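Containing CSV, C-alpha atoms: work-v4.csv.
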chain,number,residue,atom,x,y,z
A,679,MET,CA,-36.2,18.9,-53.2
A,680,SER,CA,-33.1,20.3,-51.6
A,681,LEU,CA,-31.6,23.7,-52.6
A,682,SER,CA,-28.7,22.2,-54.5
A,683,GLU,CA,-31.1,20.0,-56.5
A,684,LYS,CA,-33.2,23.0,-57.3
A,685,LEU,CA,-30.2,25.0,-58.4
A,686,TYR,CA,-28.9,22.0,-60.5
A,687,LYS,CA,-32.4,21.7,-62.1
A,688,TRP,CA,-32.5,25.5,-62.8
A,689,PHE,CA,-29.2,25.4,-64.6
A,690,ASP,CA,-29.9,22.0,-66.3
A,691,GLU,CA,-33.0,23.4,-67.9
A,692,ARG,CA,-31.0,26.2,-69.4
A,693,LEU,CA,-27.5,24.8,-70.0
A,694,LYS,CA,-28.3,21.1,-70.6
A,695,LEU,CA,-25.9,20.1,-67.8
A,696,ARG,CA,-27.2,16.5,-67.9
A,697,GLU,CA,-25.6,16.2,-71.4
A,698,LEU,CA,-22.6,18.4,-70.8
A,699,LEU,CA,-21.2,17.2,-67.5
A,700,PRO,CA,-20.9,13.4,-67.6
A,701,PRO,CA,-18.3,13.3,-70.5
A,702,ILE,CA,-16.2,15.8,-68.5
A,703,VAL,CA,-16.7,14.3,-65.1
A,704,LYS,CA,-16.6,10.6,-66.0
A,705,HIS,CA,-14.0,10.8,-68.7
A,706,PRO,CA,-11.4,8.2,-67.7
A,707,ALA,CA,-7.8,9.2,-67.0
A,708,PRO,CA,-5.5,6.3,-67.9
A,709,GLU,CA,-4.0,4.5,-65.0
A,710,LYS,CA,-0.4,5.2,-66.0
A,711,VAL,CA,-1.1,8.9,-66.1
A,712,THR,CA,-2.4,8.9,-62.6
A,713,SER,CA,0.6,6.9,-61.3
A,714,ASN,CA,3.6,8.4,-63.2
A,715,PRO,CA,4.6,11.8,-61.9
A,716,LEU,CA,6.3,12.7,-65.3
A,717,TYR,CA,2.8,13.3,-66.6
A,718,CYS,CA,2.4,16.2,-64.2
A,719,LEU,CA,4.9,18.5,-66.1
A,720,GLY,CA,2.4,19.9,-68.6
A,721,GLY,CA,-0.1,20.6,-65.9
A,722,THR,CA,2.6,22.2,-63.8
A,723,ALA,CA,3.4,24.6,-66.7
A,724,PHE,CA,-0.3,25.4,-66.9
A,725,LEU,CA,-0.6,26.0,-63.2
A,726,CYS,CA,2.4,28.4,-63.4
A,727,PHE,CA,0.7,30.2,-66.3
A,728,LEU,CA,-2.4,30.7,-64.1
A,729,ILE,CA,-0.3,32.0,-61.2
A,730,LEU,CA,1.5,34.3,-63.7
A,731,VAL,CA,-1.8,35.7,-65.0
A,732,VAL,CA,-3.0,36.5,-61.5
A,733,THR,CA,0.3,38.0,-60.1
A,734,GLY,CA,0.8,39.8,-63.4
A,735,MET,CA,-2.5,41.6,-63.1
A,736,PHE,CA,-1.5,42.9,-59.7
A,737,LEU,CA,1.9,44.0,-60.9
A,738,ALA,CA,0.3,45.8,-63.9
A,739,MET,CA,-1.7,47.9,-61.4
A,740,TYR,CA,1.5,49.5,-60.0
A,741,TYR,CA,4.0,49.2,-62.9
A,742,LYS,CA,4.6,52.2,-65.1
A,743,PRO,CA,6.3,51.4,-68.5
A,744,THR,CA,8.4,54.5,-69.0
A,745,PRO,CA,12.2,54.8,-68.6
A,746,VAL,CA,11.7,57.5,-66.0
A,747,GLU,CA,9.2,55.7,-63.8
A,748,ALA,CA,9.7,52.0,-64.6
A,749,TYR,CA,12.6,51.4,-62.1
A,750,ASN,CA,11.0,53.4,-59.3
A,751,SER,CA,7.6,51.8,-59.8
A,752,VAL,CA,9.2,48.3,-59.4
A,753,LYS,CA,11.1,49.6,-56.4
A,754,ARG,CA,7.9,50.8,-54.9
A,755,ILE,CA,6.3,47.4,-55.5
A,756,MET,CA,9.2,45.8,-53.7
A,757,THR,CA,9.3,48.2,-50.7
A,758,GLU,CA,6.0,50.1,-50.2
A,759,VAL,CA,3.1,48.1,-51.8
A,760,PRO,CA,1.6,45.6,-49.3
A,761,MET,CA,2.7,42.1,-50.3
A,762,GLY,CA,4.2,43.7,-53.4
A,763,SER,CA,7.6,42.0,-52.9
A,764,LEU,CA,6.0,38.6,-52.5
A,765,ILE,CA,3.7,39.0,-55.5
A,766,ARG,CA,6.7,40.0,-57.7
A,767,SER,CA,8.9,37.2,-56.4
A,768,ILE,CA,6.1,34.7,-57.0
A,769,HIS,CA,5.8,36.1,-60.6
A,770,HIS,CA,9.5,35.7,-61.0
A,771,TRP,CA,9.7,32.1,-59.7
A,772,ALA,CA,6.5,31.0,-61.4
A,773,ALA,CA,8.0,32.2,-64.7
A,774,ASN,CA,11.2,30.3,-64.2
A,775,THR,CA,9.3,27.2,-63.1
A,776,MET,CA,7.0,27.4,-66.1
A,777,ILE,CA,9.9,27.5,-68.6
A,778,ALA,CA,11.6,24.6,-66.9
A,779,ALA,CA,8.3,22.7,-66.8
A,780,VAL,CA,7.6,23.3,-70.5
A,781,MET,CA,11.1,22.1,-71.4
A,782,LEU,CA,10.9,19.0,-69.3
A,783,HIS,CA,7.4,18.3,-70.6
A,784,MET,CA,8.8,18.5,-74.1
A,785,MET,CA,11.6,16.1,-73.2
A,786,ARG,CA,9.0,13.6,-71.8
A,787,ILE,CA,7.0,13.9,-75.0
A,788,TYR,CA,10.1,13.4,-77.1
A,789,PHE,CA,11.6,10.4,-75.3
A,790,MET,CA,8.2,8.7,-75.0
A,791,GLY,CA,7.6,9.3,-78.7
A,792,ALA,CA,4.2,10.8,-77.9
A,793,TYR,CA,4.4,13.2,-80.9
A,794,LYS,CA,3.8,10.4,-83.4
A,795,LYS,CA,0.7,10.0,-85.5
A,796,PRO,CA,-2.0,11.4,-84.9
A,797,ARG,CA,-0.3,13.9,-82.6
A,798,GLU,CA,2.1,15.7,-85.0
A,799,LEU,CA,0.1,18.9,-85.0
A,800,ASN,CA,0.0,19.0,-81.2
A,801,TRP,CA,3.8,18.8,-81.1
A,802,VAL,CA,4.0,21.8,-83.5
A,803,VAL,CA,1.6,23.7,-81.2
A,804,GLY,CA,3.7,22.6,-78.3
A,805,VAL,CA,7.0,23.9,-79.8
A,806,SER,CA,5.1,27.2,-80.6
A,807,LEU,CA,4.1,27.3,-76.9
A,808,LEU,CA,7.8,26.9,-75.9
A,809,LEU,CA,8.7,29.7,-78.2
A,810,ILE,CA,5.9,32.0,-76.8
A,811,THR,CA,7.0,31.1,-73.2
A,812,THR,CA,10.6,32.0,-73.7
A,813,THR,CA,9.6,35.2,-75.5
A,814,PHE,CA,7.4,36.0,-72.4
A,815,GLY,CA,10.6,35.6,-70.4
A,816,PHE,CA,12.7,37.7,-72.7
A,817,SER,CA,10.1,40.6,-72.8
A,818,GLY,CA,9.5,40.5,-69.1
A,819,TYR,CA,13.2,40.6,-68.4
A,820,LEU,CA,13.5,44.3,-69.6
A,821,LEU,CA,10.5,45.7,-67.6
A,822,PRO,CA,12.3,46.3,-64.3
A,823,TRP,CA,14.6,48.6,-66.2
A,824,ASP,CA,17.7,47.9,-64.1
A,825,GLN,CA,21.2,47.4,-65.3
A,826,LEU,CA,20.8,43.7,-65.9
A,827,ALA,CA,17.5,44.2,-67.7
A,828,PHE,CA,18.8,46.9,-70.0
A,829,TRP,CA,22.1,45.3,-71.0
A,830,ALA,CA,20.7,41.7,-71.3
A,831,THR,CA,18.0,43.2,-73.7
A,832,LYS,CA,20.7,45.1,-75.6
A,833,ILE,CA,22.7,42.0,-76.2
A,834,GLY,CA,19.5,39.8,-76.8
A,835,THR,CA,18.1,42.2,-79.4
A,836,GLY,CA,21.6,42.5,-80.9
A,837,ILE,CA,21.7,38.7,-81.3
A,838,ALA,CA,18.2,38.5,-82.8
A,839,GLY,CA,19.2,41.4,-85.1
A,840,SER,CA,22.1,39.3,-86.6
A,841,ILE,CA,19.9,36.5,-87.9
A,842,PRO,CA,20.2,36.7,-91.7
A,843,VAL,CA,17.5,38.4,-93.7
A,844,ILE,CA,14.7,38.6,-91.0
A,845,GLY,CA,17.0,39.7,-88.1
A,846,VAL,CA,17.0,43.4,-89.1
A,847,TYR,CA,13.2,43.5,-89.0
A,848,ILE,CA,12.9,41.5,-85.8
A,849,SER,CA,15.2,43.9,-84.1
A,850,LEU,CA,13.4,47.0,-85.6
A,851,ILE,CA,10.0,45.6,-84.4
A,852,LEU,CA,11.3,44.8,-80.9
A,853,VAL,CA,13.5,47.9,-80.3
A,854,GLY,CA,11.3,50.4,-82.2
A,855,GLY,CA,14.3,52.4,-83.3
A,856,THR,CA,18.1,52.1,-83.2
A,857,ASP,CA,18.6,52.1,-79.4
A,858,ILE,CA,16.9,50.6,-76.4
A,859,GLY,CA,14.7,53.4,-75.0
A,860,ALA,CA,11.2,54.5,-74.2
A,861,GLU,CA,9.8,53.0,-77.4
A,862,THR,CA,11.4,49.7,-76.6
A,863,LEU,CA,10.0,49.6,-73.1
A,864,THR,CA,6.4,50.3,-74.2
A,865,ARG,CA,6.8,47.7,-77.0
A,866,PHE,CA,8.1,45.1,-74.6
A,867,TYR,CA,5.3,45.9,-72.2
A,868,ALA,CA,2.6,45.6,-74.9
A,869,ILE,CA,4.2,42.3,-76.1
A,870,HIS,CA,4.4,41.0,-72.5
A,871,VAL,CA,0.9,41.9,-71.3
A,872,LEU,CA,-1.2,42.0,-74.5
A,873,ILE,CA,0.2,40.3,-77.5
A,874,LEU,CA,1.7,37.2,-75.9
A,875,PRO,CA,-1.1,36.5,-73.5
A,876,ALA,CA,-3.7,36.6,-76.3
A,877,THR,CA,-1.5,34.3,-78.4
A,878,ILE,CA,-0.8,31.8,-75.7
A,879,VAL,CA,-4.5,31.5,-74.8
A,880,VAL,CA,-5.3,30.6,-78.3
A,881,LEU,CA,-2.5,28.1,-78.5
A,882,LEU,CA,-3.3,26.6,-75.1
A,883,VAL,CA,-7.0,26.0,-76.1
A,884,LEU,CA,-5.7,24.3,-79.3
A,885,HIS,CA,-3.2,22.2,-77.3
A,886,PHE,CA,-5.8,21.0,-74.7
A,887,MET,CA,-8.5,20.4,-77.3
A,888,MET,CA,-6.1,18.2,-79.2
A,889,VAL,CA,-5.1,16.3,-76.1
A,890,ARG,CA,-8.8,15.6,-75.4
A,891,LEU,CA,-9.6,14.6,-79.0
A,892,GLN,CA,-6.5,12.4,-79.5
A,893,GLY,CA,-6.2,11.1,-76.0
A,894,ILE,CA,-3.0,10.7,-74.0
A,895,SER,CA,-0.3,8.7,-75.8
A,896,GLY,CA,0.1,5.1,-75.0
A,897,ARG,CA,3.2,3.5,-73.4
A,898,LEU,CA,6.3,4.4,-71.6
B,402,MET,CA,-19.1,23.0,-80.0
B,403,ALA,CA,-17.2,20.4,-82.1
B,404,LEU,CA,-15.8,19.0,-78.9
B,405,ILE,CA,-19.3,18.7,-77.4
B,406,LYS,CA,-20.5,16.9,-80.5
B,407,VAL,CA,-17.7,14.4,-80.3
B,408,GLU,CA,-18.5,13.7,-76.7
B,409,LYS,CA,-22.1,13.0,-77.5
B,410,HIS,CA,-21.0,10.7,-80.2
B,411,GLU,CA,-18.8,8.8,-77.7
B,412,ILE,CA,-21.7,8.4,-75.3
B,413,ASP,CA,-23.9,6.9,-78.1
B,414,GLU,CA,-21.1,4.5,-79.0
B,415,THR,CA,-20.6,3.3,-75.4
B,416,GLU,CA,-24.3,2.7,-75.1
B,417,HIS,CA,-24.2,0.2,-77.9
B,418,GLU,CA,-20.9,-1.6,-77.3
B,419,PRO,CA,-19.3,-0.7,-74.0
B,420,VAL,CA,-15.6,0.0,-74.3
B,421,ARG,CA,-13.5,-0.8,-71.2
B,422,VAL,CA,-10.8,1.7,-70.5
B,423,ARG,CA,-8.5,1.1,-67.5
B,424,GLY,CA,-8.4,4.2,-65.5
B,425,PHE,CA,-10.1,6.5,-63.0
B,426,PRO,CA,-12.9,8.9,-63.7
B,427,PHE,CA,-11.7,12.5,-64.1
B,428,PHE,CA,-13.9,13.6,-61.2
B,429,PRO,CA,-13.2,13.1,-58.4
B,430,HIS,CA,-10.2,10.7,-58.5
B,431,PHE,CA,-8.0,12.3,-61.1
B,432,LEU,CA,-8.9,15.8,-60.0
B,433,LEU,CA,-8.0,15.1,-56.4
B,434,ARG,CA,-4.5,14.0,-57.4
B,435,GLU,CA,-4.2,17.1,-59.6
B,436,VAL,CA,-5.2,19.4,-56.7
B,437,VAL,CA,-2.7,17.7,-54.4
B,438,VAL,CA,0.1,18.2,-57.0
B,439,MET,CA,-1.0,21.8,-57.6
B,440,CYS,CA,-0.8,22.6,-53.9
B,441,LEU,CA,2.7,21.1,-53.7
B,442,ILE,CA,3.9,23.2,-56.7
B,443,ALA,CA,2.1,26.4,-55.6
B,444,GLY,CA,3.6,25.9,-52.1
B,445,SER,CA,7.1,25.4,-53.5
B,446,ILE,CA,6.8,28.5,-55.6
B,447,ILE,CA,5.7,30.6,-52.6
B,448,LEU,CA,8.5,29.1,-50.5
B,449,LEU,CA,11.1,30.0,-53.2
B,450,ALA,CA,9.6,33.5,-53.6
B,451,SER,CA,9.8,34.2,-49.8
B,452,LEU,CA,13.3,32.7,-49.4
B,453,PHE,CA,14.8,34.2,-52.6
B,454,PRO,CA,12.9,37.4,-53.6
B,455,ALA,CA,13.2,38.7,-57.1
B,456,GLY,CA,16.2,41.0,-57.4
B,457,LEU,CA,16.5,44.6,-58.5
B,458,LEU,CA,19.9,46.0,-59.4
B,459,LYS,CA,20.9,49.6,-60.0
B,460,PRO,CA,18.7,51.6,-62.4
B,461,ALA,CA,19.5,51.1,-66.1
B,462,ASP,CA,22.4,53.3,-67.3
B,463,PRO,CA,23.1,53.2,-71.1
B,464,PHE,CA,26.6,54.7,-70.5
B,465,ASP,CA,27.8,52.2,-68.0
B,466,THR,CA,28.3,48.6,-69.2
B,467,PRO,CA,28.3,46.2,-66.3
B,468,SER,CA,30.2,42.9,-66.4
B,469,PRO,CA,29.4,40.1,-66.6
B,470,ILE,CA,26.0,40.4,-68.3
B,471,TYR,CA,23.9,37.3,-68.0
B,472,PRO,CA,20.7,36.7,-69.9
B,473,GLU,CA,17.9,34.5,-68.6
B,474,TRP,CA,19.3,31.0,-68.0
B,475,TYR,CA,17.3,29.5,-70.8
B,476,PHE,CA,19.1,31.7,-73.4
B,477,LEU,CA,22.5,31.0,-72.0
B,478,TYR,CA,23.1,28.2,-74.5
B,479,VAL,CA,22.7,30.7,-77.4
B,480,PHE,CA,25.3,32.9,-75.8
B,481,GLY,CA,27.6,29.9,-75.2
B,482,PHE,CA,27.2,28.6,-78.8
B,483,LEU,CA,27.9,32.1,-80.2
B,484,LYS,CA,31.2,32.3,-78.2
B,485,PHE,CA,32.1,28.6,-79.1
B,486,TRP,CA,31.6,28.9,-82.8
B,487,THR,CA,34.4,30.9,-84.4
B,488,TRP,CA,34.6,29.3,-87.8
B,489,GLY,CA,33.2,30.9,-90.9
B,490,ILE,CA,32.2,28.7,-93.8
B,491,GLY,CA,33.0,30.2,-97.2
B,492,PRO,CA,31.2,33.5,-97.4
B,493,ILE,CA,29.1,32.9,-94.3
B,494,GLU,CA,30.5,34.7,-91.2
B,495,ALA,CA,31.1,32.8,-88.0
B,496,LYS,CA,28.8,35.1,-86.1
B,497,THR,CA,25.9,34.4,-88.6
B,498,ILE,CA,26.3,30.7,-88.1
B,499,GLY,CA,26.7,31.2,-84.3
B,500,VAL,CA,23.3,33.0,-84.2
B,501,THR,CA,21.3,31.0,-86.8
B,502,LEU,CA,22.2,27.5,-85.7
B,503,PRO,CA,21.0,27.7,-82.0
B,504,MET,CA,17.9,29.8,-82.8
B,505,VAL,CA,16.5,29.4,-86.3
B,506,ILE,CA,17.9,26.0,-87.3
B,507,TRP,CA,17.3,24.5,-83.9
B,508,TYR,CA,13.7,25.6,-83.6
B,509,GLY,CA,13.1,24.6,-87.2
B,510,ILE,CA,14.3,21.1,-86.4
B,511,LEU,CA,12.2,21.0,-83.3
B,512,PHE,CA,9.0,22.0,-85.2
B,513,LEU,CA,9.7,19.2,-87.8
B,514,VAL,CA,10.5,16.4,-85.3
B,515,PRO,CA,7.3,14.4,-86.0
B,516,PHE,CA,7.8,14.8,-89.7
B,517,ILE,CA,11.5,13.8,-89.7
B,518,ASP,CA,11.0,10.8,-87.3
B,519,ARG,CA,8.6,8.5,-89.4
B,520,ASN,CA,9.3,5.5,-87.2
B,521,PRO,CA,5.8,4.6,-85.9
B,522,SER,CA,7.1,2.8,-82.7
B,523,THR,CA,6.8,4.4,-79.3
B,524,ASP,CA,8.9,1.6,-77.7
B,525,ILE,CA,12.1,3.2,-76.5
B,526,ARG,CA,14.1,0.1,-77.5
B,527,LYS,CA,13.0,0.4,-81.1
B,528,ARG,CA,13.9,4.1,-81.5
B,529,LYS,CA,17.6,4.1,-80.7
B,530,VAL,CA,18.5,6.8,-83.3
B,531,ALA,CA,15.8,9.2,-82.1
B,532,VAL,CA,16.7,8.6,-78.4
B,533,ALA,CA,20.4,9.0,-79.1
B,534,LEU,CA,19.8,12.3,-81.0
B,535,GLY,CA,17.6,13.5,-78.2
B,536,VAL,CA,20.3,12.7,-75.6
B,537,ILE,CA,22.9,14.5,-77.7
B,538,ALA,CA,20.7,17.6,-78.1
B,539,VAL,CA,20.0,17.8,-74.3
B,540,LEU,CA,23.7,17.3,-73.5
B,541,GLY,CA,24.7,19.8,-76.2
B,542,ILE,CA,22.4,22.5,-74.7
B,543,LEU,CA,23.7,21.7,-71.2
B,544,TYR,CA,27.3,22.0,-72.5
B,545,PHE,CA,26.8,25.3,-74.2
B,546,THR,CA,25.0,26.7,-71.1
B,547,TYR,CA,28.0,25.6,-69.1
B,548,TYR,CA,30.3,27.1,-71.7
B,549,SER,CA,28.6,30.5,-71.6
B,550,ILE,CA,29.0,30.6,-67.8
B,551,VAL,CA,32.7,29.7,-67.8
B,552,HIS,CA,33.6,31.9,-70.8
B,553,HIS,CA,31.6,35.0,-70.0

Show me, as structure tokens, the structure contained in the file I just sent.
Amino acid sequence: MSLSEKLYKWFDERLKLRELLPPIVKHPAPEKVTSNPLYCLGGTAFLCFLILVVTGMFLAMYYKPTPVEAYNSVKRIMTEVPMGSLIRSIHHWAANTMIAAVMLHMMRIYFMGAYKKPRELNWVVGVSLLLITTTFGFSGYLLPWDQLAFWATKIGTGIAGSIPVIGVYISLILVGGTDIGAETLTRFYAIHVLILPATIVVLLVLHFMMVRLQGISGRL
Amino acid sequence: MALIKVEKHEIDETEHEPVRVRGFPFFPHFLLREVVVMCLIAGSIILLASLFPAGLLKPADPFDTPSPIYPEWYFLYVFGFLKFWTWGIGPIEAKTIGVTLPMVIWYGILFLVPFIDRNPSTDIRKRKVAVALGVIAVLGILYFTYYSIVHH
């Protein structure tokens, strides 16, 4: 018995690989999915998410979420940290690509009518994912604490604040006071690296489990 | 665990009456294509990142308002609509409509799409209304994005 067979047997005896693997490995992917590049959009968004997780972890090692240090820590990432400029630029481009991919993915689902019974709930989870993804973008935009970040956030929170009834609370929760300052920055940082990642992982698991259970929708 | 149970159930079924599905097995055929696509996308992102690095302007200054201020490109349509809509309806201010329509109402409609569109057909020729509304929505968002850039 070869080493790989021995290893497989060892894990099989403990994890029942013989039962678990075939449905995953042999599960057929419909022919049209393999031939039509439009079906790549959702996967593209997910790949971007994975890239964002990894690059985000590296950025979090150097970034300091206080008004005094935020800008300089980003500047340090761009000029001093080895490969820092590349990592931050990849984070930037993967974020933009992810949002574009999510939007195009949603357009494909809409125009192909793939949200119809039994996939209504997965559409709802998908729209939530779009909402989460754009909130990711909005919260990440403030973190470099440069002029653009500050003023775009000021206007953005102002707009969110003028939504009737709930706007006042949304603005208060986001800004953490009356003006954009240290409270806002730590809040946006917590939202960007803790709250939203936890939420998106739950929603992604639901999204993918429903795709698996319901299959990929029929025709073009 | 529910997922695993379902899979087992599927295996039992196929053993009794084999169901023919046109397609490739996930591994290795489908995964190979996925890996190729992933490499292309990751490569493109790295290329963009090295050619156009993420920018960093002057440090934030609460006392110096720059002009123009652009939000992220995917929020531009909200800005554009807010500038475009200047009509109040009765007691509702123009600004309230300008904010609520592209954010709250728009996302509300998006969430309810499968419950509004009860037409069971997925044939594009039999869903003319849905497709027309979709095209209008896409063109509308593009127009307001354009509007926000021109009228900043």

Each chain B residue no farther than 8 Å from chain A, nearest pair in Å, only C-alpha atoms, as a Markdown table:
| residue | atom | partner | partner_atom | distance |
| --- | --- | --- | --- | --- |
| B:Leu404 | CA | A:Leu891 | CA | 7.6 |
| B:Ile405 | CA | A:Leu698 | CA | 7.4 |
| B:Glu408 | CA | A:Pro701 | CA | 6.2 |
| B:Lys409 | CA | A:Glu697 | CA | 7.7 |
| B:Ile412 | CA | A:Pro701 | CA | 7.7 |
| B:Val422 | CA | A:Pro706 | CA | 7.1 |
| B:Arg423 | CA | A:Pro708 | CA | 6.0 |
| B:Gly424 | CA | A:Pro708 | CA | 4.3 |
| B:Phe425 | CA | A:Pro706 | CA | 5.2 |
| B:Pro426 | CA | A:Pro706 | CA | 4.3 |
| B:Phe427 | CA | A:Val703 | CA | 5.4 |
| B:Phe428 | CA | A:Val703 | CA | 4.9 |
| B:Pro429 | CA | A:Val703 | CA | 7.7 |
| B:Phe431 | CA | A:Ala707 | CA | 6.7 |
| B:Arg434 | CA | A:Thr712 | CA | 7.6 |
| B:Val438 | CA | A:Cys718 | CA | 7.8 |
| B:Met439 | CA | A:Leu725 | CA | 7.0 |
| B:Ile442 | CA | A:Thr722 | CA | 7.3 |
| B:Ile446 | CA | A:Trp771 | CA | 6.2 |
| B:Ile447 | CA | A:Ile768 | CA | 6.0 |
| B:Leu449 | CA | A:Trp771 | CA | 7.0 |
| B:Ala450 | CA | A:Ser767 | CA | 4.7 |
| B:Ser451 | CA | A:Leu764 | CA | 6.4 |
| B:Phe453 | CA | A:Ser767 | CA | 7.6 |
| B:Pro454 | CA | A:Ser767 | CA | 4.9 |
| B:Ala455 | CA | A:Ser767 | CA | 4.6 |
| B:Leu457 | CA | A:Asp824 | CA | 6.6 |
| B:Leu458 | CA | A:Asp824 | CA | 5.5 |
| B:Lys459 | CA | A:Asp824 | CA | 5.5 |
| B:Pro460 | CA | A:Asp824 | CA | 4.2 |
| B:Ala461 | CA | A:Gln825 | CA | 4.1 |
| B:Asp462 | CA | A:Gln825 | CA | 6.3 |
| B:Pro463 | CA | A:Phe828 | CA | 7.7 |
| B:Thr466 | CA | A:Trp829 | CA | 7.3 |
| B:Pro467 | CA | A:Gln825 | CA | 7.3 |
| B:Ile470 | CA | A:Ala830 | CA | 6.2 |
| B:Tyr471 | CA | A:Ala830 | CA | 6.4 |
| B:Pro472 | CA | A:Ala830 | CA | 5.2 |
| B:Glu473 | CA | A:Phe816 | CA | 7.4 |
| B:Tyr475 | CA | A:Thr812 | CA | 7.7 |
| B:Lys496 | CA | A:Ser840 | CA | 7.9 |
| B:Thr497 | CA | A:Ile841 | CA | 6.4 |
| B:Val500 | CA | A:Ile841 | CA | 6.1 |
| B:Thr501 | CA | A:Ile841 | CA | 5.8 |
| B:Tyr508 | CA | A:Val805 | CA | 7.9 |
| B:Leu511 | CA | A:Val805 | CA | 6.9 |
| B:Phe512 | CA | A:Val802 | CA | 5.3 |
| B:Leu513 | CA | A:Val802 | CA | 7.6 |
| B:Pro515 | CA | A:Glu798 | CA | 5.5 |
| B:Phe516 | CA | A:Glu798 | CA | 7.4 |
| B:Arg519 | CA | A:Lys794 | CA | 7.9 |
| B:Pro521 | CA | A:Lys794 | CA | 6.6 |
| B:Ser522 | CA | A:Gly791 | CA | 7.6 |
| B:Thr523 | CA | A:Gly791 | CA | 5.0 |
| B:Asp524 | CA | A:Leu898 | CA | 7.2 |
| B:Ile525 | CA | A:Met790 | CA | 6.9 |
| B:Val532 | CA | A:Phe789 | CA | 6.2 |
| B:Gly535 | CA | A:Phe789 | CA | 7.3 |

> Which of these residues is nearest to A:His885, using only C-alpha atoms: A:Tyr741, A:Ile869, A:Leu807, A:Glu683?
Replying inline: A:Leu807

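Within the 9 Å cut-off around A:Leu782, using all atoms listed in the file and omitting residues fewer than 5 positions from it on the same chain, the listed residues are A:Leu716, A:Leu719, A:Gly720, A:Ile777, A:Ile787.
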
> atom CA of B:Ser549 and atom CA of B:Leu477, how far apart in Å?
Replying inline: 6.1 Å

> atom CA of B:Leu534 and atom CA of B:Val514 are how many Å apart?
Replying inline: 11.0 Å

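Atom CA of A:Thr744 sits 6.6 Å away from atom CA of A:Leu863.
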